[in-house]
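Novice: Take a look at the following structure, please.
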Amino acid sequence: MIDVLLGLQWGDEGKGKIVDYLAAKYDIIARFQGGPNAGHTLYVDGQKVVLRTIPSGVFQSHCLNLIGNGVVIDPVSLQAELTQLVSIRPDVLERLFVSQKAHLILPTHRALDAASEAAKGVDKIGSTLKGIGPAYMDKTGRNGLRVGDVLNKDFDKKYEQLKQKHVQMLRQYNYEVNWQEWEAEFFESIKYLRSLQIVNAEYWLDAHIKNGKKILAEGAQGSMLDIDYGTYPFVTSSNTIASGVCNGLGVAPSRIGEVYGISKAYCTRVGSGPFPTELDNEVGEALRKAGNEFGAVTGRSRRCGWIDLVALRYTVMLSGVTQIILTKADVLDGFKELYAGVAYTIEGQETNEFPFDICGTDLSPVYKQFDGWEQPISECNSYETLPESFKKYCNFVENYLGTRIAYISNGTGRDQLLITPQ
């Protein structure tokens with residue numbers, strides 16, 4: 001069976017630490033979607049490490065790690081990331097495998113991303129400008145280059161054909177991007193990519209499943225950024241919910257087991273797009289400072305607000321989440337009172353369903369108030385020692401979602417993860 005771990009909000013839920021913790025129980029960690037815009041942060045021997053493309057089981061010496069076909073890969077970013085990781089754990093490359101069907105991000109994909117975003121002006125979607133959207137567009141447009149292509153003699157010819165297509169597209173924008181400067185580095189990284197263990201991943205996974213290996217599929221971004229079910233058009237270009245595992249790794253739905261869903265005890269979002277419970281005030285700023293809410297990859301400050309239980313119940317439903325992991329609960333330590341969004345008011349009508357077009361809707365959240373605990377829960381080493389007001393908050397969230405909160409992260413440390421009673 002394949003268990004799944006994914007974010008339930010707009011990303012940045014703390015997936016890296018949780019995968020690193022859960023990896024001890026698994027033989028294989030597999031990334032199934034996204035690209036180098038992911039930023040899964042781990043603390044290894046006191047050192048902060050940000051993983052962009054590499055699965056978060058990389059520091060578990062017993063784990064194999066797979067970059068699945070649903071991921072889009074920037075060879076330059078991948079080489080830089082692996083160079084850092086090898087300096088920390090020299091055996092990383094022995095345990096890393098790459099799907100031959102994963103698509104490549106070209107220098108001109110990055111140029112198209114930048115030009116397209118600039119052309120949107122005030123309507124920009126907040127792209128990380130890493131070429132991910134254009135790479136997925138070529139994938140669905142049946143023009144893309146894949147990892148397996150780098151092993152073929154005609155790779156340079158295929159690259160040139162796709163590049164020329166992009167050059168023609170770039171002419172429609174009044175925006176200069178000197179992508180030519182990136183080409184030499186790109187081809188050096190292609191040589192490096194050829195040295196990695198490139199596999200027919202769906203057969204590779206099937207063989208391991210039949211041999212009884214335990215596999216954890218790791219998502220990137222968050223469920224509210226899903227291309228089909230997120231806050232469209234302010235979304236990413238892949239399926240970030242549990243169903244994306246099947247396409248992103250080449251496995252059957254019947255092989256999906258547990259689905260771990262991660263949510264912060266509050267809510268954040270990076271870039272543009274709707275955010276019903278956003279606090280654009282001193283409370284939001286206090287959350288940002290307490291939670292150190294700045295992007296692991298982009299460095300951009302995150303917008304902050306109270307937890308949105310309407311959106312959270314929606315994503316729990318979409319992925320069939322079986323266990324919830326609540327992260328960064330300690331960030332709320334300093335608040336005398338806190339709130340949770342429990343419904344929306346839309347055109348005078350109250351609803352607890354997520355609307356079709358949240359971008360074009362006059363919406364306001366309905367809140368429930370809770371007493372704060374005003375003590376450092378990071379010092380608690382068991383669920384039983386947590387403050388009663390915090391337990392009350394958790395119980396309400398759990399009952400609202402209809403799904404058990406199985407773990408509570410109460411600090412950045414790898415050991416700061418409390419297991420709740422069954």
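We label chains A, B, ... in the order they appear in the structure tokens, count residues from 1 in each chain, and number ligands from 1 in the order shown.
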If you take only C-alpha atoms and a cut-off of 12 Å, which residues of segment 182-230 of chain A touch segment 349-370 of chain A, and what are their nearest atom pairs and distances in Å to one decimal, in chain and number order, as CSV?
Specialist:
residue,atom,partner,partner_atom,distance
A:Met224,CA,A:Phe354,CA,10.8
A:Asp228,CA,A:Phe356,CA,10.9
A:Tyr229,CA,A:Phe356,CA,9.0
A:Gly230,CA,A:Phe356,CA,9.6
Novice: If you keep C-alpha atoms, can you produce a file of those selected residues as a PDB file, in the first residue's frame?
Specialist:
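Below is the file that was written, selection_37.pdb:
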ATOM      1  CA  MET A 224      -6.127  24.832  -1.985  1.00  0.00           C
ATOM      2  CA  ASP A 228      -8.967  21.679 -10.461  1.00  0.00           C
ATOM      3  CA  TYR A 229     -10.234  22.290  -6.936  1.00  0.00           C
ATOM      4  CA  GLY A 230      -8.206  25.210  -5.612  1.00  0.00           C
TER       5      GLY A 230
END
Novice: Contacts between segment 1-19 of chain A and segment 303-332 of chain A, please, where a residue of segment 303-332 of chain A counts if it comes within 7 Å (with only C-alpha atoms); show its shortest atom pair and distance in Å to one decimal, rows by chain and ascending number, as a tab-separated table.
Specialist:
residue	atom	partner	partner_atom	distance
A:Leu312	CA	A:Leu8	CA	6.3
A:Thr315	CA	A:Leu8	CA	5.8
A:Thr327	CA	A:Gly14	CA	6.6
Novice: Out of A:Thr345, A:Asn292, A:Asn69, A:Gln84, which residue has the shortest atom-to-atom distance to Thr412 of chain A when counting only C-alpha atoms?
Specialist: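 Residue with the minimum atom-to-atom distance to Thr412 of chain A: A:Asn292.
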Novice: Just the residues within 10 Å of Asn200 of chain A, please, counting only C-alpha atoms, with nothing from its chain fewer than 2 positions along; format it as a ChimeraX atom specification.
Specialist: /A:68-69,97-101,148,198,202-205
Novice: If you measure from atom CA of Asp226 of chain A to atom CA of Arg52 of chain A, what distance in Å do you get, rounded to one decimal?
Specialist: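 Interatomic distance here is 18.2 Å.
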Novice: From the list A:Leu22, A:Leu64, A:Ala290, A:Ala184, which residue is nearest Asp330 of chain A when using only C-alpha atoms?
Specialist: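 Going through A:Leu22, A:Leu64, A:Ala290, A:Ala184 one by one, the smallest distance to Asp330 of chain A is for A:Ala290.
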Novice: Among segment 234-414 of chain A, which ones does DSSP place in strand (DSSP E), written as a PyMOL selection string?
Specialist: chain A and resi 256-264+267-269+303-305+307-308+323-327+337-346+349-351+363-371+405-409
Novice: Store the residues picked out above, limited to N, CA and C atoms, as a CSV table (one decimal), in the first residue's frame.
Specialist:
chain,number,residue,atom,x,y,z
A,256,ILE,N,-4.0,3.0,-2.5
A,256,ILE,CA,-3.8,4.1,-1.6
A,256,ILE,C,-4.4,3.7,-0.2
A,257,GLY,N,-3.6,3.9,0.8
A,257,GLY,CA,-3.9,3.5,2.2
A,257,GLY,C,-4.3,4.8,3.0
A,258,GLU,N,-3.5,5.0,4.1
A,258,GLU,CA,-3.7,6.2,4.9
A,258,GLU,C,-3.4,7.5,4.2
A,259,VAL,N,-4.2,8.5,4.5
A,259,VAL,CA,-4.0,9.9,3.9
A,259,VAL,C,-3.8,10.8,5.1
A,260,TYR,N,-2.5,11.3,5.2
A,260,TYR,CA,-2.2,12.2,6.3
A,260,TYR,C,-2.4,13.6,5.7
A,261,GLY,N,-3.2,14.5,6.4
A,261,GLY,CA,-3.4,15.8,5.9
A,261,GLY,C,-2.8,16.8,6.9
A,262,ILE,N,-2.0,17.7,6.5
A,262,ILE,CA,-1.3,18.7,7.4
A,262,ILE,C,-2.0,20.0,7.3
A,263,SER,N,-2.2,20.6,8.4
A,263,SER,CA,-2.8,22.0,8.5
A,263,SER,C,-2.1,22.7,9.6
A,264,LYS,N,-1.8,24.0,9.4
A,264,LYS,CA,-1.3,24.8,10.5
A,264,LYS,C,-2.5,25.1,11.5
A,267,CYS,N,-3.6,30.0,9.6
A,267,CYS,CA,-3.6,29.9,8.1
A,267,CYS,C,-2.6,30.9,7.5
A,268,THR,N,-2.0,30.5,6.4
A,268,THR,CA,-1.1,31.4,5.7
A,268,THR,C,-1.3,31.2,4.2
A,269,ARG,N,-0.8,32.3,3.4
A,269,ARG,CA,-0.8,32.2,2.0
A,269,ARG,C,0.3,33.1,1.4
A,303,ARG,N,1.1,36.0,3.9
A,303,ARG,CA,-0.1,36.6,4.5
A,303,ARG,C,-0.6,35.6,5.5
A,304,CYS,N,-1.1,36.2,6.6
A,304,CYS,CA,-1.5,35.4,7.8
A,304,CYS,C,-2.9,35.6,8.2
A,305,GLY,N,-3.6,34.6,8.8
A,305,GLY,CA,-4.9,34.8,9.3
A,305,GLY,C,-5.3,33.6,10.1
A,307,ILE,N,-7.4,30.2,11.3
A,307,ILE,CA,-7.7,28.9,10.6
A,307,ILE,C,-9.1,29.0,9.9
A,308,ASP,N,-9.1,28.5,8.7
A,308,ASP,CA,-10.4,28.5,7.9
A,308,ASP,C,-10.9,27.1,7.8
A,323,GLN,N,-6.1,11.0,8.7
A,323,GLN,CA,-5.4,11.5,9.9
A,323,GLN,C,-5.0,12.9,9.7
A,324,ILE,N,-5.2,13.8,10.6
A,324,ILE,CA,-4.8,15.2,10.5
A,324,ILE,C,-3.6,15.5,11.4
A,325,ILE,N,-2.7,16.3,10.9
A,325,ILE,CA,-1.5,16.7,11.7
A,325,ILE,C,-1.5,18.2,11.8
A,326,LEU,N,-1.7,18.7,13.0
A,326,LEU,CA,-1.8,20.1,13.2
A,326,LEU,C,-0.4,20.7,13.6
A,327,THR,N,0.1,21.6,12.8
A,327,THR,CA,1.4,22.1,12.9
A,327,THR,C,1.5,23.6,13.5
A,337,GLU,N,-6.9,35.6,23.0
A,337,GLU,CA,-8.0,35.0,22.4
A,337,GLU,C,-7.7,34.7,20.9
A,338,LEU,N,-8.4,33.7,20.3
A,338,LEU,CA,-8.2,33.4,18.9
A,338,LEU,C,-9.5,32.9,18.3
A,339,TYR,N,-9.5,32.8,17.0
A,339,TYR,CA,-10.7,32.6,16.3
A,339,TYR,C,-10.5,31.5,15.2
A,340,ALA,N,-11.6,30.9,14.8
A,340,ALA,CA,-11.7,30.0,13.7
A,340,ALA,C,-12.8,30.3,12.8
A,341,GLY,N,-12.5,30.3,11.5
A,341,GLY,CA,-13.6,30.6,10.5
A,341,GLY,C,-14.5,29.3,10.4
A,342,VAL,N,-15.8,29.4,10.7
A,342,VAL,CA,-16.6,28.2,10.7
A,342,VAL,C,-17.7,28.3,9.6
A,343,ALA,N,-17.8,29.4,8.9
A,343,ALA,CA,-18.8,29.5,7.9
A,343,ALA,C,-18.5,30.8,7.1
A,344,TYR,N,-19.1,30.9,5.9
A,344,TYR,CA,-19.0,32.1,5.1
A,344,TYR,C,-20.4,32.8,5.0
A,345,THR,N,-20.4,34.1,4.9
A,345,THR,CA,-21.6,34.8,4.5
A,345,THR,C,-21.4,35.3,3.1
A,346,ILE,N,-22.2,34.9,2.2
A,346,ILE,CA,-22.2,35.3,0.8
A,346,ILE,C,-23.5,35.9,0.4
A,349,GLN,N,-26.3,35.3,2.7
A,349,GLN,CA,-26.6,33.9,3.1
A,349,GLN,C,-25.4,33.2,3.7
A,350,GLU,N,-25.6,32.5,4.8
A,350,GLU,CA,-24.5,31.8,5.5
A,350,GLU,C,-24.4,30.4,4.9
A,351,THR,N,-23.2,30.0,4.7
A,351,THR,CA,-22.9,28.6,4.1
A,351,THR,C,-21.7,28.1,4.7
A,363,LEU,N,-17.6,37.9,-0.1
A,363,LEU,CA,-17.6,36.9,1.0
A,363,LEU,C,-17.0,37.4,2.3
A,364,SER,N,-17.6,37.0,3.4
A,364,SER,CA,-17.0,37.4,4.7
A,364,SER,C,-17.1,36.2,5.6
A,365,PRO,N,-16.1,35.9,6.4
A,365,PRO,CA,-16.1,34.7,7.3
A,365,PRO,C,-16.9,34.9,8.5
A,366,VAL,N,-17.4,33.8,9.0
A,366,VAL,CA,-18.1,33.8,10.3
A,366,VAL,C,-17.2,33.1,11.3
A,367,TYR,N,-16.9,33.7,12.4
A,367,TYR,CA,-15.9,33.2,13.3
A,367,TYR,C,-16.5,32.7,14.6
A,368,LYS,N,-15.8,31.7,15.2
A,368,LYS,CA,-16.0,31.2,16.5
A,368,LYS,C,-14.8,31.6,17.4
A,369,GLN,N,-15.0,32.2,18.6
A,369,GLN,CA,-14.0,32.7,19.4
A,369,GLN,C,-13.5,31.6,20.4
A,370,PHE,N,-12.2,31.6,20.7
A,370,PHE,CA,-11.7,30.6,21.7
A,370,PHE,C,-10.8,31.4,22.7
A,371,ASP,N,-10.7,30.9,23.9
A,371,ASP,CA,-9.7,31.5,24.8
A,371,ASP,C,-8.3,31.0,24.5
A,405,ILE,N,-7.4,14.4,14.8
A,405,ILE,CA,-6.1,15.0,14.8
A,405,ILE,C,-5.2,14.0,15.5
A,406,ALA,N,-4.2,13.4,14.7
A,406,ALA,CA,-3.4,12.4,15.2
A,406,ALA,C,-2.1,12.9,15.8
A,407,TYR,N,-1.6,14.0,15.3
A,407,TYR,CA,-0.3,14.5,15.8
A,407,TYR,C,-0.5,16.0,15.9
A,408,ILE,N,0.3,16.6,16.8
A,408,ILE,CA,0.4,18.0,17.0
A,408,ILE,C,1.8,18.4,17.1
A,409,SER,N,2.2,19.3,16.2
A,409,SER,CA,3.6,19.8,16.2
A,409,SER,C,3.6,21.1,17.0
Novice: Kindly indicate which residue among A:Thr231, A:Gly284, A:Cys380, A:Glu176 lies nearest to Gly411 of chain A, using only C-alpha atoms for the distances.
Specialist: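 With only C-alpha atoms as the atom set, the closest residue is A:Cys380.
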Novice: For the alpha helix (DSSP H) assignment from backbone DSSP, which residues of segment 50-159 of chain A qualify? Please present them as a ChimeraX atom specification.
Specialist: /A:75-88,107-120,132-140,155-159
Novice: For each of A:Gln180, A:Cys246, A:Ala217, A:Gly70, take the minimum atom-to-atom distance to Thr140 of chain A, counting only C-alpha atoms, then give the residue where this is smallest.
Specialist: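 So, comparing all the options, the nearest one is A:Gly70.
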Novice: List every residue of segment 228-295 of chain A that has an atom at most 6 Å from any atom of segment 25-36 of chain A, and for each one report the closest atom pair and its distance in Å to one decimal, counting only C-alpha atoms, with rows sorted by chain and then by increasing residue number, as CSV.
Specialist:
residue,atom,partner,partner_atom,distance
A:Val245,CA,A:Phe32,CA,5.7
A:Gly248,CA,A:Phe32,CA,4.5
A:Leu249,CA,A:Phe32,CA,5.6
Novice: Using only C-alpha atoms, please write the residues we just selected to a file, as a tab-separated table (two decimals), in the first residue's frame.
Specialist:
chain	number	residue	atom	x	y	z
A	245	VAL	CA	-0.79	10.39	-6.47
A	248	GLY	CA	1.90	11.41	-10.47
A	249	LEU	CA	3.40	8.01	-9.61
Novice: I'd like the contact shell of Leu332 of chain A - 10 Å cut-off, only C-alpha atoms, skipping same-chain residues fewer than 3 positions apart - returned as a ChimeraX atom specification.
Specialist: /A:265-266,286-287,290-291,328-329,335-338,372-377,390
Novice: Now that the selection is made, can you save its residues with C-alpha atoms as a PDB file, in the first residue's frame?
Specialist:
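Contents of the output file selection31.pdb:
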ATOM      1  CA  ALA A 265      -3.196  25.823  13.659  1.00  0.00           C
ATOM      2  CA  TYR A 266      -3.808  29.087  11.809  1.00  0.00           C
ATOM      3  CA  ALA A 286       1.935  39.272  15.136  1.00  0.00           C
ATOM      4  CA  LEU A 287       1.202  35.856  13.604  1.00  0.00           C
ATOM      5  CA  ALA A 290       5.670  34.585  15.845  1.00  0.00           C
ATOM      6  CA  GLY A 291       5.574  32.002  13.058  1.00  0.00           C
ATOM      7  CA  LYS A 328       2.907  25.325  14.401  1.00  0.00           C
ATOM      8  CA  ALA A 329       0.460  25.239  17.305  1.00  0.00           C
ATOM      9  CA  PHE A 335      -2.664  35.273  21.911  1.00  0.00           C
ATOM     10  CA  LYS A 336      -5.188  36.012  24.639  1.00  0.00           C
ATOM     11  CA  GLU A 337      -8.027  34.975  22.350  1.00  0.00           C
ATOM     12  CA  LEU A 338      -8.171  33.357  18.936  1.00  0.00           C
ATOM     13  CA  GLY A 372      -5.978  31.482  24.348  1.00  0.00           C
ATOM     14  CA  TRP A 373      -3.642  29.475  26.580  1.00  0.00           C
ATOM     15  CA  GLU A 374      -0.904  32.109  26.948  1.00  0.00           C
ATOM     16  CA  GLN A 375       1.784  29.643  27.924  1.00  0.00           C
ATOM     17  CA  PRO A 376       4.571  27.973  25.906  1.00  0.00           C
ATOM     18  CA  ILE A 377       3.227  24.647  24.684  1.00  0.00           C
ATOM     19  CA  PHE A 390      -5.621  24.327  23.707  1.00  0.00           C
TER      20      PHE A 390
END
Novice: Which residues are close to Val49 of chain A, i.e. within 10 Å by only C-alpha atoms, leaving aside same-chain residues fewer than 6 positions away? Reply as a ChimeraX atom specification.
Specialist: /A:16,39-43,81,84-85,88,296
Novice: Atoms to include: C-alpha atoms. Write the selected residues as a CSV table (one decimal), in the first residue's frame.
Specialist:
chain,number,residue,atom,x,y,z
A,16,GLY,CA,9.1,18.6,5.4
A,39,GLY,CA,10.2,24.4,-0.1
A,40,HIS,CA,10.2,21.6,2.5
A,41,THR,CA,12.3,22.7,5.5
A,42,LEU,CA,14.2,20.2,7.7
A,43,TYR,CA,16.6,20.7,10.6
A,81,GLU,CA,20.3,20.9,-4.4
A,84,GLN,CA,24.5,20.5,-1.0
A,85,LEU,CA,22.9,17.3,0.2
A,88,ILE,CA,25.9,16.5,4.3
A,296,ALA,CA,11.6,28.8,2.4
